[in-house]
>>> print(open('input_36.cif').read())   # mmCIF, C-alpha atoms and all ligand atoms
data_run
loop_
_atom_site.label_atom_id
_atom_site.label_comp_id
_atom_site.auth_asym_id
_atom_site.auth_seq_id
_atom_site.Cartn_x
_atom_site.Cartn_y
_atom_site.Cartn_z
CA MET F 1 346.44 106.88 57.04
CA ASP F 2 349.67 108.90 57.14
CA THR F 3 352.27 106.82 55.39
CA GLN F 4 354.75 109.61 54.82
CA ASN F 5 357.35 108.37 57.29
CA ARG F 6 356.68 104.68 56.92
CA GLN F 7 359.61 102.68 55.61
CA PRO F 8 359.66 99.19 54.08
CA GLY F 9 360.32 96.34 56.56
CA ILE F 10 363.72 95.77 58.11
CA VAL F 11 362.76 92.24 58.63
CA GLY F 12 362.54 90.61 55.24
CA THR F 13 364.99 88.07 56.64
CA THR F 14 362.63 86.86 59.33
CA ILE F 15 359.24 85.64 58.23
CA ALA F 16 358.03 85.56 61.84
CA SER F 17 358.71 89.30 62.24
CA GLN F 18 356.83 90.01 59.04
CA LYS F 19 353.90 87.99 60.37
CA LEU F 20 353.96 90.01 63.60
CA CYS F 21 353.91 93.25 61.59
CA ASP F 22 351.00 91.99 59.50
CA THR F 23 349.06 90.92 62.59
CA PHE F 24 349.51 94.29 64.29
CA GLY F 25 349.17 96.34 61.09
CA ILE F 26 352.60 97.96 61.42
CA ALA F 27 355.54 98.39 59.06
CA GLN F 28 358.34 97.71 61.57
CA PRO F 29 358.40 95.37 64.60
CA ILE F 30 359.36 98.30 66.84
CA PHE F 31 357.15 99.02 69.85
CA ALA F 32 357.67 102.15 71.96
CA PHE F 33 356.43 102.65 75.52
CA THR F 34 356.19 106.30 76.50
CA HIS F 35 354.28 108.74 78.72
CA SER F 36 354.10 111.31 75.92
CA LEU F 37 351.06 111.35 73.64
CA ASP F 38 353.06 113.16 70.96
CA THR F 39 355.81 110.54 71.07
CA VAL F 40 353.29 107.68 70.88
CA ALA F 41 351.61 109.26 67.87
CA ALA F 42 354.92 110.00 66.14
CA VAL F 43 356.22 106.42 66.55
CA SER F 44 352.98 104.95 65.21
CA ARG F 45 353.01 107.36 62.28
CA CYS F 46 356.56 106.22 61.46
CA GLY F 47 355.29 102.64 61.17
CA GLY F 48 356.11 101.32 64.63
CA LEU F 49 353.62 100.95 67.46
CA GLY F 50 353.48 103.66 70.12
CA VAL F 51 352.06 102.65 73.51
CA TYR F 52 350.85 105.28 75.98
CA GLY F 53 351.73 104.66 79.65
CA ALA F 54 348.48 105.50 81.45
CA THR F 55 348.81 103.74 84.77
CA ARG F 56 349.01 106.98 86.79
CA ARG F 57 346.19 108.69 84.90
CA THR F 58 342.64 108.90 86.26
CA PRO F 59 339.93 107.05 84.33
CA GLU F 60 338.60 110.40 83.05
CA GLU F 61 342.07 111.49 81.90
CA ILE F 62 342.49 108.15 80.13
CA ARG F 63 339.26 108.73 78.19
CA THR F 64 340.24 112.27 77.15
CA GLU F 65 343.86 111.44 76.38
CA LEU F 66 343.15 108.35 74.30
CA ALA F 67 340.65 110.36 72.25
CA ALA F 68 343.29 113.09 71.76
CA LEU F 69 345.87 110.44 70.86
CA ARG F 70 343.62 109.09 68.10
CA VAL F 71 343.41 112.57 66.60
CA LYS F 72 347.21 112.98 66.75
CA ALA F 73 347.94 109.50 65.35
CA GLY F 74 345.25 109.28 62.71
CA ALA F 75 344.21 105.79 61.60
CA VAL F 76 347.47 103.98 62.44
CA PRO F 77 347.47 101.44 65.31
CA ILE F 78 348.18 102.76 68.82
CA GLY F 79 348.41 101.16 72.24
CA VAL F 80 347.87 101.91 75.90
CA ASN F 81 349.60 100.43 78.96
CA LEU F 82 348.19 99.82 82.43
CA VAL F 83 349.99 98.35 85.42
CA LEU F 84 347.56 96.09 87.28
CA PRO F 85 349.45 94.38 90.11
CA PRO F 86 347.65 91.76 92.19
CA GLY F 87 347.24 92.23 95.95
CA MET F 88 346.31 95.92 95.97
CA PRO F 89 343.69 97.33 98.42
CA GLU F 90 340.05 97.18 97.34
CA ASP F 91 338.99 100.81 97.68
CA ASN F 92 340.50 104.05 96.45
CA ASP F 93 340.76 105.29 100.02
CA PRO F 94 344.25 106.41 101.07
CA GLY F 95 343.17 106.87 104.74
CA PRO F 96 343.78 103.29 105.96
CA ILE F 97 347.11 103.08 104.11
CA GLU F 98 348.32 106.46 105.40
CA SER F 99 347.34 105.56 108.96
CA GLN F 100 349.58 102.45 108.80
CA LEU F 101 352.76 104.24 107.65
CA PRO F 102 355.46 103.56 110.26
CA GLN F 103 356.66 106.54 112.31
CA ARG F 104 360.30 105.84 111.44
CA HIS F 105 359.52 106.10 107.73
CA LYS F 106 357.55 109.33 108.18
CA GLU F 107 360.46 110.80 110.14
CA PHE F 108 362.90 109.82 107.40
CA VAL F 109 360.75 111.57 104.79
CA ALA F 110 360.50 114.66 107.03
CA HIS F 111 364.31 114.58 107.33
CA LEU F 112 364.63 114.60 103.50
CA TYR F 113 362.32 117.64 103.27
CA GLU F 114 364.50 119.41 105.82
CA LYS F 115 367.95 118.35 104.59
CA TYR F 116 367.26 119.34 100.97
CA LYS F 117 365.05 122.35 101.82
CA VAL F 118 362.12 120.98 99.83
CA PRO F 119 359.15 123.35 100.20
CA ALA F 120 355.87 121.78 101.31
CA PRO F 121 353.99 120.26 98.36
CA GLU F 122 351.34 122.52 96.82
CA ARG F 123 349.44 119.58 95.34
CA ARG F 124 349.21 115.81 95.53
CA GLY F 125 352.05 113.99 93.75
CA MET F 126 351.67 111.69 90.76
CA ARG F 127 351.75 108.67 93.12
CA THR F 128 349.29 110.09 95.65
CA ARG F 129 346.59 111.61 93.39
CA PHE F 130 344.78 108.31 93.83
CA LEU F 131 345.55 105.08 95.60
CA ARG F 132 346.61 102.15 93.44
CA SER F 133 343.60 99.96 94.23
CA ASN F 134 341.23 97.46 92.64
CA GLU F 135 338.57 100.19 92.45
CA ILE F 136 340.77 102.48 90.32
CA ALA F 137 342.07 99.55 88.27
CA ARG F 138 338.50 98.55 87.33
CA GLN F 139 337.69 102.11 86.26
CA GLN F 140 340.93 102.42 84.26
CA MET F 141 340.21 99.10 82.52
CA ALA F 142 336.69 100.29 81.66
CA ALA F 143 338.09 103.50 80.13
CA VAL F 144 340.56 101.48 78.05
CA LEU F 145 337.85 99.06 76.91
CA GLU F 146 335.65 101.95 75.75
CA SER F 147 338.49 103.45 73.72
CA ASP F 148 339.37 102.61 70.13
CA VAL F 149 343.03 101.73 70.78
CA GLU F 150 344.03 98.56 68.98
CA VAL F 151 346.58 97.31 71.52
CA VAL F 152 346.52 97.00 75.33
CA ALA F 153 349.77 96.29 77.17
CA CYS F 154 349.76 95.01 80.73
CA GLY F 155 352.80 95.61 82.94
CA ILE F 156 353.09 93.51 86.15
CA GLY F 157 350.26 91.02 85.68
CA ALA F 158 347.62 90.48 83.00
CA PRO F 159 344.30 89.75 84.76
CA PRO F 160 342.55 86.98 82.74
CA ASP F 161 339.11 88.71 82.88
CA PHE F 162 340.56 91.92 81.45
CA VAL F 163 342.48 90.02 78.77
CA GLU F 164 339.27 88.27 77.76
CA ALA F 165 337.25 91.52 77.70
CA CYS F 166 339.92 93.24 75.59
CA LYS F 167 339.95 90.38 73.13
CA ARG F 168 336.16 90.45 72.88
CA ALA F 169 336.46 94.17 72.11
CA GLY F 170 338.87 93.31 69.26
CA LYS F 171 342.00 94.58 71.03
CA ARG F 172 345.30 92.73 71.06
CA ILE F 173 346.92 92.05 74.40
CA VAL F 174 350.61 92.49 75.11
CA ALA F 175 351.99 91.20 78.42
CA LEU F 176 355.27 92.38 79.94
CA CYS F 177 357.17 89.48 81.51
CA GLY F 178 360.30 89.66 83.66
CA SER F 179 360.68 85.89 84.13
CA PRO F 180 359.67 82.60 82.49
CA LYS F 181 357.07 82.24 85.28
CA HIS F 182 355.42 85.55 84.28
CA ALA F 183 355.50 84.44 80.64
CA ARG F 184 353.78 81.14 81.47
CA ARG F 185 351.02 83.02 83.30
CA ALA F 186 350.60 85.50 80.45
CA ILE F 187 350.29 82.69 77.89
CA ASP F 188 347.69 80.97 80.08
CA SER F 189 345.77 84.29 80.30
CA GLY F 190 345.60 84.41 76.50
CA ALA F 191 348.10 87.20 75.74
CA ASP F 192 348.67 87.78 71.99
CA LEU F 193 352.25 88.99 72.38
CA LEU F 194 354.83 88.69 75.14
CA VAL F 195 357.48 91.25 76.04
CA ALA F 196 360.52 89.56 77.57
CA GLN F 197 361.76 92.51 79.61
CA GLY F 198 365.22 91.99 81.04
CA HIS F 199 367.08 93.50 83.98
CA ASP F 200 368.72 96.27 81.89
CA SER F 201 365.32 97.88 81.47
CA ALA F 202 363.98 101.15 82.87
CA ALA F 203 361.41 101.35 85.68
CA HIS F 204 359.97 98.15 87.23
CA THR F 205 362.37 95.39 86.35
CA GLY F 206 363.37 91.94 87.54
CA PRO F 207 366.69 90.22 88.20
CA ILE F 208 367.05 88.27 84.92
CA GLY F 209 369.20 89.88 82.21
CA THR F 210 367.80 90.46 78.73
CA PHE F 211 370.23 87.96 77.14
CA SER F 212 369.20 85.21 79.55
CA LEU F 213 365.49 85.99 79.52
CA VAL F 214 364.58 86.44 75.86
CA PRO F 215 365.50 82.94 74.56
CA GLN F 216 363.83 81.30 77.57
CA VAL F 217 360.59 83.15 76.93
CA VAL F 218 360.84 82.43 73.20
CA GLU F 219 361.21 78.72 73.96
CA LEU F 220 358.16 78.47 76.13
CA ALA F 221 356.04 80.88 74.05
CA GLY F 222 355.52 78.40 71.20
CA ASP F 223 353.39 80.18 68.59
CA VAL F 224 352.94 83.33 70.68
CA PRO F 225 355.29 86.02 69.35
CA VAL F 226 357.86 87.65 71.65
CA LEU F 227 359.44 91.12 71.76
CA ALA F 228 362.82 91.68 73.40
CA ALA F 229 363.07 94.56 75.88
CA GLY F 230 365.65 95.98 78.22
CA GLY F 231 368.56 97.82 76.67
CA VAL F 232 367.37 97.99 73.06
CA MET F 233 368.79 101.29 71.81
CA THR F 234 370.49 100.59 68.45
CA GLY F 235 370.14 98.47 65.33
CA ARG F 236 372.68 96.03 66.75
CA HIS F 237 370.31 95.44 69.66
CA VAL F 238 367.46 94.86 67.21
CA ALA F 239 369.55 92.36 65.23
CA ALA F 240 370.57 90.59 68.45
CA SER F 241 366.94 90.45 69.56
CA LEU F 242 365.96 88.73 66.32
CA ALA F 243 368.89 86.33 66.72
CA LEU F 244 367.67 85.47 70.23
CA GLY F 245 364.38 84.39 68.67
CA ALA F 246 362.26 87.49 69.29
CA GLN F 247 360.14 88.79 66.44
CA GLY F 248 360.65 92.44 67.34
CA VAL F 249 361.59 94.88 70.08
CA TRP F 250 359.88 96.83 72.86
CA THR F 251 361.67 100.05 73.79
CA GLY F 252 361.28 102.71 76.48
CA SER F 253 364.46 104.64 77.29
CA LEU F 254 365.15 105.27 73.59
CA TRP F 255 362.40 107.91 73.40
CA LEU F 256 363.15 109.92 76.56
CA ALA F 257 365.30 112.44 74.70
CA SER F 258 362.94 112.74 71.73
CA THR F 259 361.92 116.27 70.82
CA GLU F 260 358.26 115.32 71.21
CA TYR F 261 358.77 114.21 74.86
CA ALA F 262 358.21 117.15 77.20
CA ILE F 263 360.87 116.24 79.75
CA HIS F 264 362.23 118.64 82.39
CA PRO F 265 365.48 120.28 81.13
CA ILE F 266 367.35 119.29 84.32
CA ILE F 267 366.39 115.64 83.81
CA LEU F 268 367.25 115.81 80.10
CA ASP F 269 370.68 117.14 80.96
CA LYS F 270 371.25 114.35 83.50
CA LEU F 271 370.14 111.72 80.95
CA LEU F 272 372.38 113.05 78.20
CA ARG F 273 375.41 112.93 80.51
CA ALA F 274 374.74 109.53 82.11
CA GLY F 275 376.44 106.20 81.41
CA SER F 276 375.07 102.70 82.04
CA ASP F 277 376.58 102.63 85.54
CA ASP F 278 374.66 105.79 86.48
CA THR F 279 371.42 103.84 86.87
CA VAL F 280 370.42 101.97 90.02
CA ILE F 281 367.65 99.67 91.14
CA THR F 282 365.71 100.89 94.14
CA ARG F 283 362.42 100.08 95.85
CA SER F 284 362.18 103.63 97.18
CA GLU F 285 360.10 104.87 94.22
CA SER F 286 357.10 102.54 94.33
CA GLY F 287 357.85 99.67 96.69
CA LYS F 288 358.87 97.33 93.85
CA THR F 289 362.30 97.08 92.20
CA PHE F 290 362.61 100.07 89.87
CA ARG F 291 365.55 101.18 87.72
CA GLN F 292 366.23 104.91 87.61
CA LEU F 293 369.01 107.46 87.32
CA ARG F 294 371.19 107.40 90.39
CA SER F 295 370.69 110.59 92.47
CA ALA F 296 370.69 111.80 96.06
CA TRP F 297 367.23 110.19 96.21
CA SER F 298 368.51 106.63 95.63
CA ASP F 299 371.66 107.30 97.68
CA GLU F 300 369.64 108.48 100.69
CA TRP F 301 367.41 105.41 100.57
CA SER F 302 370.36 103.04 100.32
CA ALA F 303 372.28 104.61 103.23
CA PRO F 304 372.86 102.18 106.11
CA ASP F 305 370.63 104.15 108.51
CA ALA F 306 367.74 104.57 106.02
CA PRO F 307 364.58 102.55 106.64
CA ARG F 308 363.78 99.74 104.21
CA PRO F 309 361.27 100.98 101.61
CA LEU F 310 357.71 99.78 102.22
CA GLY F 311 355.75 97.57 99.82
CA MET F 312 353.41 98.83 97.09
CA PRO F 313 351.15 100.85 97.60
CA PHE F 314 352.48 101.97 101.02
CA GLN F 315 355.69 103.42 99.55
CA ASP F 316 353.62 105.40 97.00
CA MET F 317 351.69 107.02 99.83
CA LEU F 318 354.83 107.61 101.88
CA VAL F 319 356.86 109.39 99.20
CA GLY F 320 354.40 110.47 96.48
CA ASP F 321 353.92 114.07 97.64
CA LEU F 322 357.64 114.52 98.32
CA LEU F 323 358.51 113.24 94.82
CA GLY F 324 356.04 115.72 93.32
CA ALA F 325 357.48 118.60 95.37
CA ILE F 326 361.05 117.67 94.32
CA ASP F 327 360.10 118.09 90.65
CA ASP F 328 357.81 121.10 91.14
CA HIS F 329 360.49 122.99 93.09
CA GLU F 330 363.43 121.68 91.02
CA ILE F 331 365.44 120.24 93.91
CA GLU F 332 368.26 119.25 91.58
CA PRO F 333 370.23 116.71 93.66
CA LEU F 334 367.07 114.66 94.32
CA MET F 335 365.66 114.88 90.78
CA HIS F 336 365.76 111.57 88.93
CA TYR F 337 363.88 109.61 86.28
CA ALA F 338 363.22 106.03 85.25
CA VAL F 339 365.75 104.97 82.63
CA GLY F 340 367.50 101.76 81.61
CA GLN F 341 371.17 100.92 81.22
CA GLY F 342 370.80 101.95 77.58
CA VAL F 343 370.95 105.56 78.79
CA ALA F 344 374.54 105.48 77.54
CA TRP F 345 373.15 105.89 74.00
CA LEU F 346 371.07 108.98 74.79
CA ARG F 347 373.39 111.70 73.58
CA SER F 348 371.23 114.34 71.89
CA ARG F 349 367.66 115.53 71.59
CA ARG F 350 366.19 114.46 68.26
CA PRO F 351 362.76 114.10 66.66
CA VAL F 352 361.10 110.68 66.80
CA ALA F 353 361.22 110.35 63.00
CA GLU F 354 365.01 110.71 63.07
CA ILE F 355 365.51 108.23 65.93
CA PHE F 356 363.17 105.77 64.24
CA ALA F 357 364.79 106.07 60.80
CA GLN F 358 368.25 105.59 62.32
CA LEU F 359 367.12 102.49 64.23
CA VAL F 360 365.66 100.98 61.06
CA GLU F 361 368.74 101.81 58.99
CA GLU F 362 371.15 100.46 61.62
CA SER F 363 369.08 97.28 62.00
CA ARG F 364 369.28 96.64 58.27
CA ALA F 365 373.04 97.22 58.33
CA ALA F 366 373.55 95.02 61.40
CA LEU F 367 371.52 92.19 59.88
CA ALA F 368 373.31 92.52 56.54
CA SER F 369 376.71 92.40 58.24
CA LEU F 370 376.10 88.94 59.73
CA PRO F 371 377.89 86.07 57.94
CA ARG F 372 375.50 83.81 55.99
C1 LIG F 401 360.09 106.62 82.05
C2 LIG F 401 359.63 105.20 81.95
C3 LIG F 401 358.48 104.81 82.62
C4 LIG F 401 358.01 103.50 82.51
N1 LIG F 401 356.82 103.16 83.08
C5 LIG F 401 356.25 101.97 82.75
C6 LIG F 401 354.88 101.70 83.09
O1 LIG F 401 354.18 102.54 83.65
N2 LIG F 401 354.37 100.50 82.74
C7 LIG F 401 355.11 99.55 82.07
O2 LIG F 401 354.60 98.48 81.78
N3 LIG F 401 356.41 99.78 81.74
C8 LIG F 401 356.97 100.98 82.04
N4 LIG F 401 358.26 101.24 81.65
C9 LIG F 401 359.09 100.16 81.07
C10 LIG F 401 358.88 100.06 79.55
O3 LIG F 401 357.61 99.53 79.25
C11 LIG F 401 359.92 99.13 78.91
O4 LIG F 401 359.68 97.81 79.28
C12 LIG F 401 361.35 99.45 79.23
O5 LIG F 401 361.59 100.84 79.13
C13 LIG F 401 362.26 98.70 78.26
O6 LIG F 401 363.60 98.86 78.59
P1 LIG F 401 364.51 100.07 78.02
O7 LIG F 401 364.12 101.24 78.82
O8 LIG F 401 365.88 99.60 78.25
O9 LIG F 401 364.15 100.24 76.56
C14 LIG F 401 358.75 102.55 81.75
C15 LIG F 401 359.91 102.95 81.09
C16 LIG F 401 360.35 104.26 81.16
C17 LIG F 401 361.59 104.67 80.40
#
>>> encode(input="input_36.cif", output="structure tokens")
Amino acid sequence: MDTQNRQPGIVGTTIASQKLCDTFGIAQPIFAFTHSLDTVAAVSRCGGLGVYGATRRTPEEIRTELAALRVKAGAVPIGVNLVLPPGMPEDNDPGPIESQLPQRHKEFVAHLYEKYKVPAPERRGMRTRFLRSNEIARQQMAAVLESDVEVVACGIGAPPDFVEACKRAGKRIVALCGSPKHARRAIDSGADLLVAQGHDSAAHTGPIGTFSLVPQVVELAGDVPVLAAGGVMTGRHVAASLALGAQGVWTGSLWLASTEYAIHPIILDKLLRAGSDDTVITRSESGKTFRQLRSAWSDEWSAPDAPRPLGMPFQDMLVGDLLGAIDDHEIEPLMHYAVGQGVAWLRSRRPVAEIFAQLVEESRAALASLPR
């Protein structure tokens, strides 16, 4: 095991956090969601727990990438995240979904291609490579179960059968919860750890703010540990999370400007210049409420004459190829990215080890500064 970057616990003051670290085999109660294998591996090697976002990867890609991740991370614990929403179509067949897309919506998308001179897509977009369906979900879950990752995180729903199968395979289950109702369901499904993810958060997010959500989830979680998420960017946020009753933190936006994260330079520049009020919530990305950088994309979809975004997975099929073409052809005004209100703290590109060490150091200082 690589212990070079691992630092002693920040959390000597909270026995519950130490217990969480012991249970998950980590040095710090800092979890990091990211789409970058290198960032996942680096966080885990620092003593946190990196979780790879694999929901848009094919089952075969998941197999290959999780094997590669193990090589990068070594023996330290790593995690993988799938989004498994209920109510999706049975088969991975986009035909029936595409045939139901309303004409008005198709015309609006055609208008965006024309207005912003977006060349026709040369390949399927990330959201259209396959249809979010029960068929794909089953195959993704099988790939995850076969892997040797220690932790499986479920965003938007934790299907009880999958939770049970993961636990039988010796994996720990983390469930992302945007409301007390989600938390109740996750506890009933047998989740080992809850993430109370508040409104400030990047990507799919609910209406309840982090400060209001975390203590409610902590109260109903009983013995199940809780991580605070949504706006955790500094040691002060970590200290506040512990004060709210969480045993640790779950972070996403914090890693977007890490050196290990291969992000497009135009997006990086937008992130480094953005403040908290430069993010918006829109359903135009996936059909569900999704926080991202404000751009011509979100502005167009919120204009009074724009059609209302469709539900998931119809919106994926409607806009997936256009979103891919926007990035492939670098159509700057429309380029955007999922990020939380904590974007205000992204100010430079730095290696994971530096970001991690600063977070740990600041957390210690913030905790030490509290009156006893
Ligand atoms: C670029 C990006 C993509 C995300 N995609 C997912 C996802 O696929 N599944 C998921 O459960 N959470 C996803 N999230 C949310 C994170 O898991 C996490 O809850 C969130 O980032 C926490 O809030 P923060 O960004 O303020 O730290 C994403 C976050 C980011 C930054």
>>> closest_atom_pairs(input="input_36.cif", of="chain F", to="ligand LIG 401 (chain F)", cutoff="7 Å", atoms="all atoms listed in the file", output="JSON lines")
{"residue": "F:Phe33", "atom": "CA", "partner": "F:LIG401", "partner_atom": "O3", "distance": 5.0}
{"residue": "F:Thr34", "atom": "CA", "partner": "F:LIG401", "partner_atom": "C2", "distance": 6.5}
{"residue": "F:His35", "atom": "CA", "partner": "F:LIG401", "partner_atom": "C3", "distance": 6.9}
{"residue": "F:Gly53", "atom": "CA", "partner": "F:LIG401", "partner_atom": "O1", "distance": 5.1}
{"residue": "F:Ala54", "atom": "CA", "partner": "F:LIG401", "partner_atom": "O1", "distance": 6.8}
{"residue": "F:Thr55", "atom": "CA", "partner": "F:LIG401", "partner_atom": "O1", "distance": 5.6}
{"residue": "F:Asn81", "atom": "CA", "partner": "F:LIG401", "partner_atom": "O2", "distance": 6.1}
{"residue": "F:Leu82", "atom": "CA", "partner": "F:LIG401", "partner_atom": "N2", "distance": 6.2}
{"residue": "F:Val83", "atom": "CA", "partner": "F:LIG401", "partner_atom": "N2", "distance": 5.6}
{"residue": "F:Cys154", "atom": "CA", "partner": "F:LIG401", "partner_atom": "O2", "distance": 6.0}
{"residue": "F:Gly155", "atom": "CA", "partner": "F:LIG401", "partner_atom": "O2", "distance": 3.6}
{"residue": "F:Ile156", "atom": "CA", "partner": "F:LIG401", "partner_atom": "O2", "distance": 6.8}
{"residue": "F:Leu176", "atom": "CA", "partner": "F:LIG401", "partner_atom": "O2", "distance": 6.4}
{"residue": "F:Gln197", "atom": "CA", "partner": "F:LIG401", "partner_atom": "O4", "distance": 5.7}
{"residue": "F:Asp200", "atom": "CA", "partner": "F:LIG401", "partner_atom": "O8", "distance": 5.7}
{"residue": "F:Ser201", "atom": "CA", "partner": "F:LIG401", "partner_atom": "O6", "distance": 3.5}
{"residue": "F:Ala202", "atom": "CA", "partner": "F:LIG401", "partner_atom": "O7", "distance": 4.1}
{"residue": "F:Ala203", "atom": "CA", "partner": "F:LIG401", "partner_atom": "C14", "distance": 4.9}
{"residue": "F:His204", "atom": "CA", "partner": "F:LIG401", "partner_atom": "C9", "distance": 6.5}
{"residue": "F:Ala229", "atom": "CA", "partner": "F:LIG401", "partner_atom": "C13", "distance": 4.8}
{"residue": "F:Gly230", "atom": "CA", "partner": "F:LIG401", "partner_atom": "O6", "distance": 3.6}
{"residue": "F:Gly231", "atom": "CA", "partner": "F:LIG401", "partner_atom": "O8", "distance": 3.6}
{"residue": "F:Val232", "atom": "CA", "partner": "F:LIG401", "partner_atom": "O9", "distance": 5.3}
{"residue": "F:Met233", "atom": "CA", "partner": "F:LIG401", "partner_atom": "O9", "distance": 6.7}
{"residue": "F:Trp250", "atom": "CA", "partner": "F:LIG401", "partner_atom": "C13", "distance": 6.2}
{"residue": "F:Thr251", "atom": "CA", "partner": "F:LIG401", "partner_atom": "O9", "distance": 3.7}
{"residue": "F:Gly252", "atom": "CA", "partner": "F:LIG401", "partner_atom": "O5", "distance": 3.3}
{"residue": "F:Ser253", "atom": "CA", "partner": "F:LIG401", "partner_atom": "O7", "distance": 3.7}
{"residue": "F:Leu254", "atom": "CA", "partner": "F:LIG401", "partner_atom": "O9", "distance": 5.9}
{"residue": "F:Leu256", "atom": "CA", "partner": "F:LIG401", "partner_atom": "C17", "distance": 6.7}
{"residue": "F:Tyr337", "atom": "CA", "partner": "F:LIG401", "partner_atom": "C1", "distance": 6.4}
{"residue": "F:Ala338", "atom": "CA", "partner": "F:LIG401", "partner_atom": "C1", "distance": 4.5}
{"residue": "F:Val339", "atom": "CA", "partner": "F:LIG401", "partner_atom": "C17", "distance": 4.7}
{"residue": "F:Gly340", "atom": "CA", "partner": "F:LIG401", "partner_atom": "O8", "distance": 4.3}
{"residue": "F:Gln341", "atom": "CA", "partner": "F:LIG401", "partner_atom": "O8", "distance": 6.2}
{"residue": "F:Gly342", "atom": "CA", "partner": "F:LIG401", "partner_atom": "O8", "distance": 5.5}
>>> residues_around(input="input_36.cif", residues="Ile136 in chain F", least_positions_apart="6", cutoff="10 Å", atoms="only C-alpha atoms", output="compact mmCIF listing (two decimals) with C-alpha atoms, keeping the file's coordinate frame")
# COMPACT_ATOMS: atom_id res chain seq x y z
CA THR F 55 348.81 103.74 84.77
CA ARG F 57 346.19 108.69 84.90
CA THR F 58 342.64 108.90 86.26
CA PRO F 59 339.93 107.05 84.33
CA LEU F 84 347.56 96.09 87.28
CA GLU F 90 340.05 97.18 97.34
CA ASP F 91 338.99 100.81 97.68
CA ASN F 92 340.50 104.05 96.45
CA PHE F 130 344.78 108.31 93.83
CA ALA F 142 336.69 100.29 81.66
>>> atom_distance(input="input_36.cif", atom1="CA of Val109 in chain F", atom2="CA of His336 in chain F")
16.6 Å
>>> residues_around(input="input_36.cif", residues="Ile97 in chain F", least_positions_apart="2", cutoff="12 Å", atoms="only C-alpha atoms", output="number ranges by chain")
F: 88-95, 99-102, 128, 130-133, 310-318
>>> closest_residue(input="input_36.cif", among="F:Lys115, F:Arg294, F:Arg350, F:Arg308", to="Gly275 in chain F", atoms="all atoms listed in the file")
F:Arg294
>>> residues_near_point(input="input_36.cif", point="(366.9, 109.9, 67.9)", cutoff="12 Å", atoms="all atoms listed in the file", output="list in words")
Thr39, Val43, Met233, Thr234, Ser253, Leu254, Trp255, Leu256, Ala257, Ser258, Thr259, Glu260, Tyr261, Trp345, Leu346, Arg347, Ser348, Arg349, Arg350, Pro351, Val352, Ala353, Glu354, Ile355, Phe356, Ala357, Gln358, Leu359 and Val360 of chain F
>>> atom_distance(input="input_36.cif", atom1="CA of Asp148 in chain F", atom2="CA of Gln18 in chain F")
24.2 Å
>>> atom_distance(input="input_36.cif", atom1="CA of Phe108 in chain F", atom2="CA of His264 in chain F")
26.5 Å
>>> residues_around(input="input_36.cif", residues="Gly245 in chain F", least_positions_apart="3", cutoff="12 Å", atoms="only C-alpha atoms", output="PyMOL selection string")
chain F and resi 14-17+196+211-228+238-242+248-249
>>> closest_residue(input="input_36.cif", among="F:Asp278, F:Leu194, F:Tyr116, F:Arg104", to="Ala246 in chain F", atoms="all atoms listed in the file")
F:Leu194
>>> closest_residue(input="input_36.cif", among="F:Lys19, F:Lys270, F:Arg45, F:His105", to="Val76 in chain F", atoms="only C-alpha atoms")
F:Arg45
>>> closest_residue(input="input_36.cif", among="F:Pro333, F:Val80, F:Thr205, F:Lys288", to="Ile266 in chain F", atoms="all atoms listed in the file")
F:Pro333
>>> closest_residue(input="input_36.cif", among="F:Gly287, F:Pro207, F:Pro265, F:Gly178", to="Pro309 in chain F", atoms="all atoms listed in the file")
F:Gly287
>>> axis_aligned_box(input="input_36.cif", around="range 324-338 of chain F", padding_each_side="4 Å", output="lines of an AutoDock Vina configuration file")
center_x = 363.1
center_y = 114.5
center_z = 90.3
size_x = 22.2
size_y = 25.0
size_z = 18.1
>>> closest_residue(input="input_36.cif", among="F:Pro96, F:Val151, F:Arg127, F:Pro85", to="Val51 in chain F", atoms="all atoms listed in the file")
F:Val151
>>> residues_around(input="input_36.cif", residues="Pro77 in chain F", least_positions_apart="6", cutoff="10 Å", atoms="all atoms listed in the file", output="list in words")
Met1, Phe24, Gly25, Ile26, Ala41, Ser44, Arg45, Gly47, Gly48, Leu49, Gly50, Val51, Arg70, Asp148, Val149, Glu150 and Val151 of chain F
>>> build_atoms(input="input_36.cif", residues="range 140-145 of chain F", atoms="N, CA and C atoms", output="PDB file, in the coordinates of the input")
ATOM      1  N   GLN F 140     339.946 102.212  85.342  1.00  0.00           N
ATOM      2  CA  GLN F 140     340.930 102.420  84.260  1.00  0.00           C
ATOM      3  C   GLN F 140     340.685 101.402  83.133  1.00  0.00           C
ATOM      4  N   MET F 141     340.436 100.143  83.537  1.00  0.00           N
ATOM      5  CA  MET F 141     340.210  99.100  82.520  1.00  0.00           C
ATOM      6  C   MET F 141     338.958  99.422  81.708  1.00  0.00           C
ATOM      7  N   ALA F 142     337.923  99.937  82.373  1.00  0.00           N
ATOM      8  CA  ALA F 142     336.690 100.290  81.660  1.00  0.00           C
ATOM      9  C   ALA F 142     336.974 101.392  80.648  1.00  0.00           C
ATOM     10  N   ALA F 143     337.770 102.385  81.041  1.00  0.00           N
ATOM     11  CA  ALA F 143     338.090 103.500  80.130  1.00  0.00           C
ATOM     12  C   ALA F 143     338.862 102.978  78.913  1.00  0.00           C
ATOM     13  N   VAL F 144     339.765 102.057  79.150  1.00  0.00           N
ATOM     14  CA  VAL F 144     340.560 101.480  78.050  1.00  0.00           C
ATOM     15  C   VAL F 144     339.652 100.665  77.115  1.00  0.00           C
ATOM     16  N   LEU F 145     338.746  99.889  77.719  1.00  0.00           N
ATOM     17  CA  LEU F 145     337.850  99.060  76.910  1.00  0.00           C
ATOM     18  C   LEU F 145     336.943  99.898  76.020  1.00  0.00           C
TER      19      LEU F 145
END
